[in-house]
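Contents: one structure, followed by commentary.
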Amino acid sequence: MNTVVCMKQVPDTETLIKINPEGTGIVTEGIKWVMCPYDEYAVEEALQQKEKFKAGKVTIVSLGPDRAIEAIRTGLAMGADTAVHINDAAFYEKADPYATAAALAAAVKDLEYDAIFCGKQAIDDDSGQVPAILGELLGLPVVTLVVKLEVSEDKTKAVATREVEGGHAVVEVSLPAIFSAQKGLNEPRYASLPGIMKAKKKPVDVKTVSDLGVSVEPMTAIKEMSLPPARQAGKILEGEDAVEKAKALAKALHEEAKLI
Amino acid sequence: MAERFVSERNLRFLLYEVFDVTELLKYPYYSEHTREMFDMVMETALRIGKDMLYPVLDEMDKNQPELVDGMVKVHPVVREFMRECGQGGWIGADAPFEFGGQQLPIMISLVSNFIFAAANYSASVYPGLTTGAARLITSFGSRELIDTYVPRMFSGEWQGTMALTEPQAGSSLADITTTAEPTDKGYYRIKGQKIFISASEHDGVDNVIQLLLAKIKGAPAGVKGISLFVVPNKRIGEKGELVPNDVNVAGIYHKLGYRGCPINQLSLGENDDCRGFLVGEPHKGLMYMFQMMNESRIGVGMGATAIATAAYYAALEYAKQRPQGRRLTSKDPTLPQVPIIEHADVKRMLLFQKSVVEGSLSLLFQCSKYRDLEMVLDGEEKERYSLLLEVLTSVVKSYPSEMGVLSVSQGLQCLGGYGYCEEFPLAQYYRDIRIHPIHEGTTGIHGLTLLGRSVTRNNGRAFQVFVEEVEKAIEKAGKEQELVSYAKNLKNALERLKGITTHLVGIAVKGEVELFLADATLYLELFGIIAIAWQWLLQGIVAHEALKSGPIDADLSFYRGKMYALRYFFAYELPKVETLAIRLENNDGLTVEMQPELFEG
Ligand SMILES: Cc1cc2nc3c(=O)[nH]c(=O)nc-3n(C[C@H](O)[C@H](O)[C@H](O)COP(=O)(O)OP(=O)(O)OC[C@H]3O[C@@H](n4cnc5c(N)ncnc54)[C@H](O)[C@@H]3O)c2cc1C
Ligand SMILES: Cc1cc2nc3c(=O)[nH]c(=O)nc-3n(C[C@H](O)[C@H](O)[C@H](O)COP(=O)(O)OP(=O)(O)OC[C@H]3O[C@@H](n4cnc5c(N)ncnc54)[C@H](O)[C@@H]3O)c2cc1C
């Protein structure tokens, strides 16, 4: 089974984020970057499907600046076979979900695949639109929030279990199709040392957006970005004894928090 | 639980900025690798540590291994981790390609082993011991032994161990009595008792391979009669099946710490059916073991540093959050209490820990780099690194172990009463780290080794080479205005060490061996302080350089913190050299003369 995985490099969740002086994005210097955790499920699923069918190729496609190669190599070290790196800093800077999907679609269209896997969303900008727009541009069905996937022997259709509010929905879809991975789909493997050694030699096709022959303009732009307000200090209620303190609490809940 | 147990930034600093591992890439042996790969190795090790090992740190301590019907039951993560280490190539990480290893620099395997040990020391021991045991086989064993055992050890299916200690022979291995009787079938019949053998039987693997010391019947007395054997708990039968090899667990010990890994008493050959396979030549066993010393002793220093590092970050985390007391200048009791990290005395405790753990880690990288260079170079250059390792091995084992215990104690102290309670992680770290001054040669034995052997052998050649290396750093630092005073202080301390060494050797020359070695442990301590001061100077040179060139914001406090720790070490630790020197100059024989009965009083 041939698959494509759309993967994004994002800041590590534990890294300290600062907003840039223009207020339009984050300071990208001096922070740690990793493969988006949902994309890890996508890579793992592609690898498991390949292993199940004992044949096929897993191709990672990623849009990002030079540094994105690190996350691409991680995917290759996990076991993916090849990669396309759309390395176009100028484009990437202002790419919105539509522009991103358009670039990915252009890179994917010449590849052979039975399925495309994406993460359900990138954990940095959280827009969660790329899989759906990509489906629209490629004319493929899209199944989101997949937690289980079974592909038929002849690779013409698949049964996917989706997470829905309060339960699950089982969806049948014809292939090729796009699946967005939700936590629970699998347990992503760690890269192995032999995998890391091999990753170095695996081909990575580097392209700019103009190499791909597309000219897209983003449809949205970030005007302002801000951090959540700092948590306010707690308040210690004064009072001689428990009764006094309870009174003070009731008063605070009523007058300040306006909860009761 | 604390959020972090190692500093990735500090690992990168040591690996790339201070000891530039990429210098090794020019040698054919390491030419397959790239920096990008090293980064990925580190990333992956961090994830395994964080996701798999750290979450069960406490659990493995509370649910100790149990002996049930002759089998030792360990935490299920042991099997999972051994499998990951096998499939991931971690057990053979620095072994040559020809044996199925990944041929990574020793500096890189130091990084991954350190991360695993900081995340969960007990868990890290299982693959670590297997690596060491496999290396003994690949270095000295026959092709047949290698082919039979090493692949399944590297794959994590089989555990490797080091089985040296016996009830009557701990420090004094010359006194082992386990015997090996030759047969005409290519194996030896083993009989004897081994105690305290880590991971020597457990259900986290399918088989255990003991690298065991025994005496062949009729062998010369003492260390010259010791041979090395492979003794599997289950041997390979005629059809390739595993059959019991008469290795029996007579009991498990209940330890102070490091409780996630069993140490067992083994009874070998109770039914005269324990087969051992000779490694290399007869009577050379101890020599083979000692050739592995650099590795296993760097390993102990690494384990101690790793535990103390995790303890440091836990203490730091706590100190930032615990409000207690007010500033000495604050007169107003209604003001809120300040986090204890604001108090000078708490900062002193944290600086002590930082200077011990980061200084120790630096020395570990230094020695690992020497091991790498020793491997890829030839002739005189190679010899130079061998000499440096000879003189530093006892130091890199003992300083982190002894000072690590004190460092964790200070970490515990930062938590006040909570530090003493098992609900907080410091108590476990305090117990876990205490093994390190004991195993792989007690500190006392290493004092004797350093002064009685390493420093004096070959007319003091190894010592001389060490002095030259420290002098190089002193010279370099002396050129920087901000570092001149450090350079001068270290120079004075080094002169003191040279003087003391000459003085002590003079006593040895007079044949007064007992006086010469009476305070060898103090000599080791003094030596250790100088070695760590040297490492701090090396780090300071790099940090100072980086600060001069205006680092990015995120790095500014990292380098400034380094400069403070350097300053701390030279202000608080280095002066201890003087007290030690005074004692070492005074060879009044106090401890030699003291009589056992005088203790009774
Ligand atoms: C948790 C743990 C794990 C271990 N794992 C292993 C293992 O995997 N494999 C293995 O083979 N062993 C293992 N050991 C054993 C360990 O290596 C020994 O405990 C150690 O070598 C000390 O030997 P001993 O306990 O017999 O102490 P002793 O040798 O009796 O020493 C007691 C004290 O006397 C001092 N002393 C002894 N001889 C001298 C001397 N000649 N001069 C001056 N001072 C002296 C020592 O420094 C020490 O302070 C382990 C032990 C422990 C506790
Ligand atoms: C086994 C045990 C038995 C105990 N028994 C009793 C008992 O019977 N009765 C009882 O009342 N209490 C008891 N305690 C409590 C014990 O007295 C306290 O734990 C101790 O006073 C320290 O207080 P703390 O734990 O809150 O630590 P903290 O006060 O939070 O101290 C944490 C760290 O910060 C440092 N620090 C705090 N304030 C300052 C400052 N102003 N300047 C500089 N450094 C500072 C401390 O030195 C320490 O290193 C017991 C505790 C234990 C562990």
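Residues are referred to by chain and number: the chain letter is A, B, ... according to the order shown in the structure tokens, the number counts from 1 in that chain, and ligands are numbered separately from 1 in the order shown.
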
What lies within 8 Å of stretch 126-129 of chain B using only C-alpha atoms, ignoring chain neighbours under 2 positions off, as a list in words? Val78, Met82, Cys85, Trp90, Ile91, Asn113, Ser122, Ala123, Ser124, Thr131, Gly132, Ala133, Gly156, Gln159, Gly160, Thr161, Met162, Ala199 and Cys261 of chain B

Put those residues in a file: N, CA and C atoms, as a short mmCIF file (atom, residue, chain, number, x, y, z; two decimals), in the first residue's frame.
data_model
loop_
_atom_site.label_atom_id
_atom_site.label_comp_id
_atom_site.auth_asym_id
_atom_site.auth_seq_id
_atom_site.Cartn_x
_atom_site.Cartn_y
_atom_site.Cartn_z
N VAL B 78 10.41 -3.52 32.38
CA VAL B 78 11.75 -4.02 32.09
C VAL B 78 11.74 -4.75 30.74
N MET B 82 13.68 -3.40 27.54
CA MET B 82 14.73 -4.23 26.93
C MET B 82 14.40 -4.48 25.46
N CYS B 85 15.15 -1.29 23.62
CA CYS B 85 16.59 -1.11 23.51
C CYS B 85 17.20 -2.07 22.51
N TRP B 90 19.91 0.23 20.84
CA TRP B 90 20.57 0.97 21.92
C TRP B 90 21.60 0.12 22.66
N ILE B 91 21.36 -1.19 22.74
CA ILE B 91 22.30 -2.02 23.52
C ILE B 91 23.65 -2.10 22.80
N ASN B 113 22.76 6.89 27.46
CA ASN B 113 22.78 6.17 28.73
C ASN B 113 22.52 7.11 29.90
N SER B 122 17.34 2.43 37.91
CA SER B 122 17.19 0.97 37.96
C SER B 122 16.92 0.39 36.57
N ALA B 123 16.00 1.01 35.84
CA ALA B 123 15.65 0.48 34.52
C ALA B 123 16.85 0.54 33.59
N SER B 124 17.64 1.60 33.71
CA SER B 124 18.76 1.79 32.77
C SER B 124 19.84 0.73 32.94
N THR B 131 25.17 -4.36 27.54
CA THR B 131 26.18 -3.77 26.66
C THR B 131 27.59 -4.17 27.12
N GLY B 132 27.84 -4.00 28.42
CA GLY B 132 29.18 -4.29 28.96
C GLY B 132 29.54 -5.76 28.81
N ALA B 133 28.59 -6.64 29.10
CA ALA B 133 28.85 -8.07 29.02
C ALA B 133 29.11 -8.48 27.56
N GLY B 156 18.17 -7.57 22.96
CA GLY B 156 17.43 -7.36 24.20
C GLY B 156 16.67 -8.59 24.67
N GLN B 159 19.71 -11.03 28.76
CA GLN B 159 20.37 -10.10 29.66
C GLN B 159 21.84 -10.48 29.83
N GLY B 160 22.72 -9.50 29.91
CA GLY B 160 24.11 -9.79 30.26
C GLY B 160 24.41 -9.30 31.67
N THR B 161 25.34 -9.95 32.35
CA THR B 161 25.71 -9.52 33.71
C THR B 161 27.22 -9.62 33.90
N MET B 162 27.66 -9.10 35.04
CA MET B 162 29.05 -9.26 35.47
C MET B 162 29.01 -9.98 36.81
N ALA B 199 20.80 -8.10 38.20
CA ALA B 199 20.00 -8.58 37.06
C ALA B 199 20.33 -10.01 36.65
N CYS B 261 15.94 -3.01 40.33
CA CYS B 261 16.77 -4.05 39.70
C CYS B 261 17.23 -5.01 40.80
#

Residues of chain B no more than 8 Å from chain A, counting only C-alpha atoms: send them over as a JSON list (two decimals) with N, CA and C atoms, in the first residue's frame.
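Final output, saved to part21.json:
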[["chain", "number", "residue", "atom", "x", "y", "z"],
["B", 33, "HIS", "N", 28.60, 8.89, 10.30],
["B", 33, "HIS", "CA", 27.64, 9.65, 11.09],
["B", 33, "HIS", "C", 27.63, 11.14, 10.76],
["B", 36, "GLU", "N", 23.44, 15.75, 12.52],
["B", 36, "GLU", "CA", 21.98, 15.63, 12.46],
["B", 36, "GLU", "C", 21.53, 14.30, 13.10],
["B", 37, "MET", "N", 22.30, 13.25, 12.84],
["B", 37, "MET", "CA", 21.95, 11.96, 13.42],
["B", 37, "MET", "C", 22.12, 11.98, 14.94],
["B", 40, "MET", "N", 19.20, 13.45, 16.49],
["B", 40, "MET", "CA", 18.05, 12.55, 16.52],
["B", 40, "MET", "C", 18.20, 11.47, 17.58],
["B", 41, "VAL", "N", 19.43, 11.01, 17.76],
["B", 41, "VAL", "CA", 19.66, 10.01, 18.81],
["B", 41, "VAL", "C", 19.29, 10.62, 20.17],
["B", 44, "THR", "N", 15.51, 11.07, 20.53],
["B", 44, "THR", "CA", 14.80, 9.80, 20.74],
["B", 44, "THR", "C", 15.03, 9.29, 22.16],
["B", 47, "ARG", "N", 12.88, 11.11, 24.52],
["B", 47, "ARG", "CA", 11.47, 10.67, 24.48],
["B", 47, "ARG", "C", 11.27, 9.36, 25.20],
["B", 48, "ILE", "N", 12.18, 8.43, 24.97],
["B", 48, "ILE", "CA", 12.05, 7.14, 25.65],
["B", 48, "ILE", "C", 12.14, 7.36, 27.16],
["B", 87, "GLN", "N", 15.40, -3.60, 19.80],
["B", 87, "GLN", "CA", 14.94, -3.23, 18.46],
["B", 87, "GLN", "C", 15.50, -1.88, 18.04],
["B", 88, "GLY", "N", 15.63, -0.99, 18.98],
["B", 88, "GLY", "CA", 16.12, 0.35, 18.65],
["B", 88, "GLY", "C", 17.62, 0.42, 18.46],
["B", 89, "GLY", "N", 18.33, -0.67, 18.77],
["B", 89, "GLY", "CA", 19.78, -0.67, 18.57],
["B", 89, "GLY", "C", 20.56, -0.04, 19.71],
["B", 90, "TRP", "N", 19.91, 0.23, 20.84],
["B", 90, "TRP", "CA", 20.57, 0.97, 21.92],
["B", 90, "TRP", "C", 21.60, 0.12, 22.66],
["B", 93, "ALA", "N", 24.73, 0.22, 20.75],
["B", 93, "ALA", "CA", 24.88, 1.55, 20.14],
["B", 93, "ALA", "C", 26.32, 1.89, 19.77],
["B", 102, "GLN", "N", 25.95, -0.23, 16.23],
["B", 102, "GLN", "CA", 25.67, 0.97, 15.43],
["B", 102, "GLN", "C", 26.90, 1.85, 15.28],
["B", 552, "ILE", "N", 21.98, 34.54, 21.62],
["B", 552, "ILE", "CA", 20.55, 34.85, 21.52],
["B", 552, "ILE", "C", 19.96, 34.82, 22.93],
["B", 553, "ASP", "N", 18.85, 35.53, 23.06],
["B", 553, "ASP", "CA", 18.20, 35.69, 24.37],
["B", 553, "ASP", "C", 18.10, 34.40, 25.18],
["B", 554, "ALA", "N", 17.61, 33.36, 24.50],
["B", 554, "ALA", "CA", 17.33, 32.11, 25.20],
["B", 554, "ALA", "C", 18.61, 31.53, 25.83],
["B", 555, "ASP", "N", 19.76, 31.88, 25.27],
["B", 555, "ASP", "CA", 21.02, 31.30, 25.75],
["B", 555, "ASP", "C", 21.73, 32.15, 26.79]]

Mind pulling up the distance from atom CA of B:Ser267 to atom CA of B:Lys191? 7.8 Å

Env of A:Glu153: 12 Å cut, atoms = only C-alpha atoms, seq-sep filter 4 positions within chain, self excluded. Answer as a list in words.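 Listing them by chain and then by number gives Met1, Gln49, Lys52, Phe53, Lys54, Lys157, Ala158, Val159 and Leu175 of chain A.
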
Residues as selected, N, CA, C and O atoms, written as an mmCIF file, in the first residue's frame, can you do that?
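Final file, out_36.cif:
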data_model
loop_
_atom_site.group_PDB
_atom_site.id
_atom_site.type_symbol
_atom_site.label_atom_id
_atom_site.label_comp_id
_atom_site.auth_asym_id
_atom_site.auth_seq_id
_atom_site.Cartn_x
_atom_site.Cartn_y
_atom_site.Cartn_z
ATOM 1 N N MET A 1 0.839 -1.199 0.000
ATOM 2 C CA MET A 1 0.000 0.000 0.000
ATOM 3 C C MET A 1 0.873 1.248 0.000
ATOM 4 O O MET A 1 1.748 1.399 0.846
ATOM 5 N N GLN A 49 0.256 0.220 7.906
ATOM 6 C CA GLN A 49 -0.456 -0.264 6.714
ATOM 7 C C GLN A 49 0.535 -0.886 5.731
ATOM 8 O O GLN A 49 0.277 -1.935 5.159
ATOM 9 N N LYS A 52 1.475 -4.193 7.030
ATOM 10 C CA LYS A 52 0.388 -5.168 6.889
ATOM 11 C C LYS A 52 0.342 -5.713 5.463
ATOM 12 O O LYS A 52 0.204 -6.917 5.248
ATOM 13 N N PHE A 53 0.492 -4.841 4.505
ATOM 14 C CA PHE A 53 0.423 -5.287 3.103
ATOM 15 C C PHE A 53 1.772 -5.795 2.604
ATOM 16 O O PHE A 53 1.889 -6.243 1.482
ATOM 17 N N LYS A 54 2.774 -5.674 3.443
ATOM 18 C CA LYS A 54 4.130 -6.134 3.104
ATOM 19 C C LYS A 54 4.623 -5.559 1.774
ATOM 20 O O LYS A 54 5.409 -6.174 1.074
ATOM 21 N N LYS A 157 -11.222 -0.012 -0.704
ATOM 22 C CA LYS A 157 -12.001 0.737 0.282
ATOM 23 C C LYS A 157 -11.475 0.520 1.697
ATOM 24 O O LYS A 157 -10.643 -0.368 1.936
ATOM 25 N N ALA A 158 -11.976 1.364 2.576
ATOM 26 C CA ALA A 158 -11.521 1.259 3.964
ATOM 27 C C ALA A 158 -12.683 1.535 4.903
ATOM 28 O O ALA A 158 -13.636 2.227 4.538
ATOM 29 N N VAL A 159 -12.594 0.935 6.084
ATOM 30 C CA VAL A 159 -13.581 1.221 7.120
ATOM 31 C C VAL A 159 -12.848 1.950 8.239
ATOM 32 O O VAL A 159 -11.883 1.427 8.807
ATOM 33 N N LEU A 175 -11.205 4.197 -1.680
ATOM 34 C CA LEU A 175 -9.825 4.702 -1.728
ATOM 35 C C LEU A 175 -9.493 5.107 -3.163
ATOM 36 O O LEU A 175 -10.062 4.546 -4.093
#

Please identify the residues whose atoms come within 7 Å of ligand 2, using only C-alpha atoms and all ligand atoms, and report them as a list in words.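 Checking only C-alpha atoms and all ligand atoms against ligand 2 at 7 Å gives Arg322, Gln324, Gly325, Arg326, Arg327, Ile340, His343, Ala344, Asp345, Val346, Gln413, Cys414, Leu415, Gly416, Gly417, Tyr418, Tyr420 and Cys421 of chain B.
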
Near stretch 59-61 of chain A, counting only C-alpha atoms, which residues have an atom at most 8 Å away, once you skip same-chain residues fewer than 2 positions from it, shown as a list of chain:residue names?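 Close residues of stretch 59-61 of chain A: A:Thr3, A:Val4, A:Val5, A:Cys6, A:Met7, A:Lys57, A:Leu63, A:Ile72, A:Gly75, A:Leu76, A:Ala80, A:Asp81, A:Thr82, A:Ala83, A:Val84, A:His85, A:Ile86, A:Leu104, A:Ala107, A:Val108.
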
Export of prior selection with N, CA and C atoms as a PDB file, in the first residue's frame:
ATOM      1  N   THR A   3       1.389   5.172   0.514  1.00  0.00           N
ATOM      2  CA  THR A   3       0.721   6.233   1.266  1.00  0.00           C
ATOM      3  C   THR A   3       1.557   7.508   1.273  1.00  0.00           C
ATOM      4  N   VAL A   4       0.857   8.601   1.496  1.00  0.00           N
ATOM      5  CA  VAL A   4       1.514   9.892   1.660  1.00  0.00           C
ATOM      6  C   VAL A   4       1.138  10.406   3.050  1.00  0.00           C
ATOM      7  N   VAL A   5       2.112  10.963   3.745  1.00  0.00           N
ATOM      8  CA  VAL A   5       1.806  11.560   5.045  1.00  0.00           C
ATOM      9  C   VAL A   5       2.144  13.043   4.977  1.00  0.00           C
ATOM     10  N   CYS A   6       1.149  13.884   5.259  1.00  0.00           N
ATOM     11  CA  CYS A   6       1.411  15.320   5.318  1.00  0.00           C
ATOM     12  C   CYS A   6       1.815  15.646   6.751  1.00  0.00           C
ATOM     13  N   MET A   7       3.017  16.169   6.888  1.00  0.00           N
ATOM     14  CA  MET A   7       3.564  16.333   8.228  1.00  0.00           C
ATOM     15  C   MET A   7       4.060  17.764   8.429  1.00  0.00           C
ATOM     16  N   LYS A  57       5.066   2.040  -0.358  1.00  0.00           N
ATOM     17  CA  LYS A  57       6.020   3.088  -0.054  1.00  0.00           C
ATOM     18  C   LYS A  57       5.320   4.168   0.757  1.00  0.00           C
ATOM     19  N   LEU A  63       5.692  21.022   4.336  1.00  0.00           N
ATOM     20  CA  LEU A  63       5.950  22.403   3.948  1.00  0.00           C
ATOM     21  C   LEU A  63       6.579  23.096   5.152  1.00  0.00           C
ATOM     22  N   ILE A  72      11.350  15.844   9.190  1.00  0.00           N
ATOM     23  CA  ILE A  72      11.258  14.920   8.054  1.00  0.00           C
ATOM     24  C   ILE A  72      12.166  13.715   8.294  1.00  0.00           C
ATOM     25  N   GLY A  75      10.708  11.268  10.648  1.00  0.00           N
ATOM     26  CA  GLY A  75       9.740  10.388   9.983  1.00  0.00           C
ATOM     27  C   GLY A  75      10.442   9.308   9.188  1.00  0.00           C
ATOM     28  N   LEU A  76      11.519   9.679   8.513  1.00  0.00           N
ATOM     29  CA  LEU A  76      12.281   8.691   7.725  1.00  0.00           C
ATOM     30  C   LEU A  76      12.940   7.684   8.667  1.00  0.00           C
ATOM     31  N   ALA A  80       9.626   5.735   7.212  1.00  0.00           N
ATOM     32  CA  ALA A  80       9.108   6.209   5.926  1.00  0.00           C
ATOM     33  C   ALA A  80      10.208   6.086   4.872  1.00  0.00           C
ATOM     34  N   ASP A  81       9.781   5.987   3.596  1.00  0.00           N
ATOM     35  CA  ASP A  81      10.762   5.676   2.550  1.00  0.00           C
ATOM     36  C   ASP A  81      11.370   6.903   1.889  1.00  0.00           C
ATOM     37  N   THR A  82      10.535   7.861   1.562  1.00  0.00           N
ATOM     38  CA  THR A  82      11.052   9.051   0.880  1.00  0.00           C
ATOM     39  C   THR A  82      10.308  10.272   1.413  1.00  0.00           C
ATOM     40  N   ALA A  83      10.746  11.445   0.955  1.00  0.00           N
ATOM     41  CA  ALA A  83      10.072  12.659   1.420  1.00  0.00           C
ATOM     42  C   ALA A  83      10.144  13.744   0.366  1.00  0.00           C
ATOM     43  N   VAL A  84       9.166  14.607   0.408  1.00  0.00           N
ATOM     44  CA  VAL A  84       9.190  15.827  -0.379  1.00  0.00           C
ATOM     45  C   VAL A  84       9.186  16.982   0.622  1.00  0.00           C
ATOM     46  N   HIS A  85      10.201  17.825   0.502  1.00  0.00           N
ATOM     47  CA  HIS A  85      10.283  18.976   1.403  1.00  0.00           C
ATOM     48  C   HIS A  85      10.008  20.232   0.592  1.00  0.00           C
ATOM     49  N   ILE A  86       8.853  20.829   0.812  1.00  0.00           N
ATOM     50  CA  ILE A  86       8.560  22.085   0.127  1.00  0.00           C
ATOM     51  C   ILE A  86       9.199  23.176   0.977  1.00  0.00           C
ATOM     52  N   LEU A 104       0.613  21.533  -0.789  1.00  0.00           N
ATOM     53  CA  LEU A 104       0.685  20.083  -0.552  1.00  0.00           C
ATOM     54  C   LEU A 104       0.020  19.332  -1.706  1.00  0.00           C
ATOM     55  N   ALA A 107       2.230  19.060  -4.584  1.00  0.00           N
ATOM     56  CA  ALA A 107       3.333  18.111  -4.379  1.00  0.00           C
ATOM     57  C   ALA A 107       2.837  16.674  -4.438  1.00  0.00           C
ATOM     58  N   VAL A 108       1.621  16.456  -4.005  1.00  0.00           N
ATOM     59  CA  VAL A 108       1.081  15.100  -3.903  1.00  0.00           C
ATOM     60  C   VAL A 108       0.594  14.572  -5.248  1.00  0.00           C
TER      61      VAL A 108
END

Kindly provide, as JSON, numbers by chain, all nucleotide and amino acid residues lying within 10 Å of ligand 1, counting only C-alpha atoms and all ligand atoms. {"B": [125, 129, 160, 161, 162, 163, 164, 165, 166, 167, 168, 169, 170, 171, 172, 173, 194, 195, 196, 197, 198, 199, 200, 210, 211, 212, 213, 253, 254, 255, 256, 257, 258, 259, 261, 262, 263, 264, 432, 434, 435, 436, 437, 438, 439, 440, 441, 442, 443, 444, 445, 446, 447, 448, 517, 518, 520, 521]}

Kindly save the residues from that selection, with C-alpha atoms included, as a compact mmCIF listing (two decimals), in the first residue's frame.
# COMPACT_ATOMS: atom_id res chain seq x y z
CA VAL B 125 20.93 -0.86 34.37
CA LEU B 129 24.91 -4.30 31.88
CA GLY B 160 24.11 -9.79 30.26
CA THR B 161 25.71 -9.52 33.71
CA MET B 162 29.05 -9.26 35.47
CA ALA B 163 29.40 -12.00 38.07
CA LEU B 164 32.48 -11.33 40.16
CA THR B 165 31.57 -10.98 43.81
CA GLU B 166 31.47 -13.87 46.28
CA PRO B 167 30.71 -13.88 50.00
CA GLN B 168 34.41 -13.99 50.95
CA ALA B 169 35.61 -12.01 47.92
CA GLY B 170 34.26 -8.52 47.31
CA SER B 171 37.05 -5.97 47.12
CA SER B 172 39.54 -8.80 47.12
CA LEU B 173 38.72 -10.69 43.95
CA LYS B 194 28.13 -15.59 43.62
CA ILE B 195 26.43 -12.80 45.50
CA PHE B 196 25.06 -9.34 44.77
CA ILE B 197 24.91 -10.03 41.03
CA SER B 198 22.74 -7.38 39.42
CA ALA B 199 20.00 -8.58 37.06
CA SER B 200 21.36 -12.12 37.22
CA GLN B 210 26.66 -14.27 33.22
CA LEU B 211 30.19 -13.09 32.45
CA LEU B 212 31.65 -14.89 35.40
CA LEU B 213 35.02 -15.11 37.09
CA TYR B 253 18.78 -9.01 48.69
CA HIS B 254 16.64 -6.14 49.87
CA LYS B 255 18.52 -2.98 49.22
CA LEU B 256 18.57 0.63 50.37
CA GLY B 257 17.93 1.93 46.88
CA TYR B 258 18.18 1.08 43.19
CA ARG B 259 15.29 -1.18 44.03
CA CYS B 261 16.77 -4.05 39.70
CA PRO B 262 17.37 -7.26 41.68
CA ILE B 263 20.72 -8.32 43.06
CA ASN B 264 20.74 -12.05 43.55
CA ASP B 432 19.35 5.19 44.87
CA ARG B 434 24.19 5.50 47.66
CA ILE B 435 25.31 2.36 45.80
CA HIS B 436 27.79 4.20 43.64
CA PRO B 437 30.67 4.65 46.09
CA ILE B 438 30.39 0.89 46.78
CA HIS B 439 30.12 -1.14 43.59
CA GLU B 440 32.75 -1.40 40.85
CA GLY B 441 35.41 -0.92 43.50
CA THR B 442 34.74 1.01 46.70
CA THR B 443 36.10 4.53 47.02
CA GLY B 444 38.76 3.17 49.35
CA ILE B 445 39.92 0.69 46.74
CA HIS B 446 40.00 3.42 44.11
CA GLY B 447 42.11 5.61 46.35
CA LEU B 448 44.61 2.78 46.55
CA LEU B 517 48.74 4.79 51.17
CA ALA B 518 47.10 5.48 54.53
CA ALA B 520 44.95 7.45 49.60
CA THR B 521 41.22 8.17 49.73

Stretch 20-236 of chain A: residues DSSP assigns to strand (DSSP E or B), reported as a PyMOL selection string: chain A and resi 26+33-35+58-63+82-86+115-119+142-151+157-164+167-174+177-181+204-207

For stretch 491-494 of chain B, list every protein, DNA or RNA residue within 8 Å, evaluated using only C-alpha atoms, and leave out those in the same chain fewer than 3 positions away; present the list as a list in words.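 After dropping sequence-adjacent residues, the list is Val467, Glu471, Ile474, Ala487, Lys488, Leu497, Lys498, Ile530, Leu574, Val577 and Glu578 of chain B.
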
For B:Arg457: contacts at 12 Å, only C-alpha atoms, fewer than 6 positions along chain excluded, given as number ranges by chain: B: 387, 390-391, 449-451, 463-464, 505

Output N, CA, C and O atoms for every residue in the selection just made, as a compact mmCIF listing (two decimals), in the first residue's frame.
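See out-v8.txt below for the written result:
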# COMPACT_ATOMS: atom_id res chain seq x y z
N LEU B 387 46.79 6.75 28.63
CA LEU B 387 47.37 7.21 29.89
C LEU B 387 46.41 8.14 30.64
O LEU B 387 46.22 8.02 31.85
N GLU B 390 43.85 6.10 32.17
CA GLU B 390 44.36 5.33 33.30
C GLU B 390 44.30 6.17 34.58
O GLU B 390 43.85 5.71 35.62
N VAL B 391 44.72 7.41 34.46
CA VAL B 391 44.78 8.23 35.67
C VAL B 391 43.40 8.79 36.04
O VAL B 391 43.12 9.05 37.21
N THR B 449 44.09 2.41 44.22
CA THR B 449 44.43 2.22 42.81
C THR B 449 45.06 3.48 42.23
O THR B 449 46.08 3.42 41.55
N LEU B 450 44.44 4.63 42.51
CA LEU B 450 44.94 5.87 41.93
C LEU B 450 46.36 6.18 42.41
O LEU B 450 47.27 6.39 41.60
N LEU B 451 46.53 6.18 43.72
CA LEU B 451 47.83 6.59 44.25
C LEU B 451 48.86 5.45 44.13
O LEU B 451 50.00 5.67 43.74
N PHE B 463 50.38 10.54 35.15
CA PHE B 463 50.16 11.74 35.94
C PHE B 463 50.67 12.97 35.18
O PHE B 463 50.01 14.00 35.12
N GLN B 464 51.85 12.81 34.59
CA GLN B 464 52.46 13.90 33.84
C GLN B 464 51.56 14.36 32.69
O GLN B 464 51.36 15.56 32.49
N VAL B 505 55.24 9.99 46.99
CA VAL B 505 56.08 9.01 46.30
C VAL B 505 57.40 8.82 47.06
O VAL B 505 57.93 7.71 47.16

Please identify all polymer residues within 12 Å of stretch 370-379 of chain B, counting only C-alpha atoms, omitting same-chain residues fewer than 3 positions from it, and present them as a PyMOL selection string. chain B and resi 19+21-31+94-96+103-110+292-295+298+363-367+382-393+466+469

Separation of atom CA of B:Ser360 from atom CA of B:Ala531 in Å: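 Atom CA of B:Ser360 lies at a distance of 9.2 Å from atom CA of B:Ala531.
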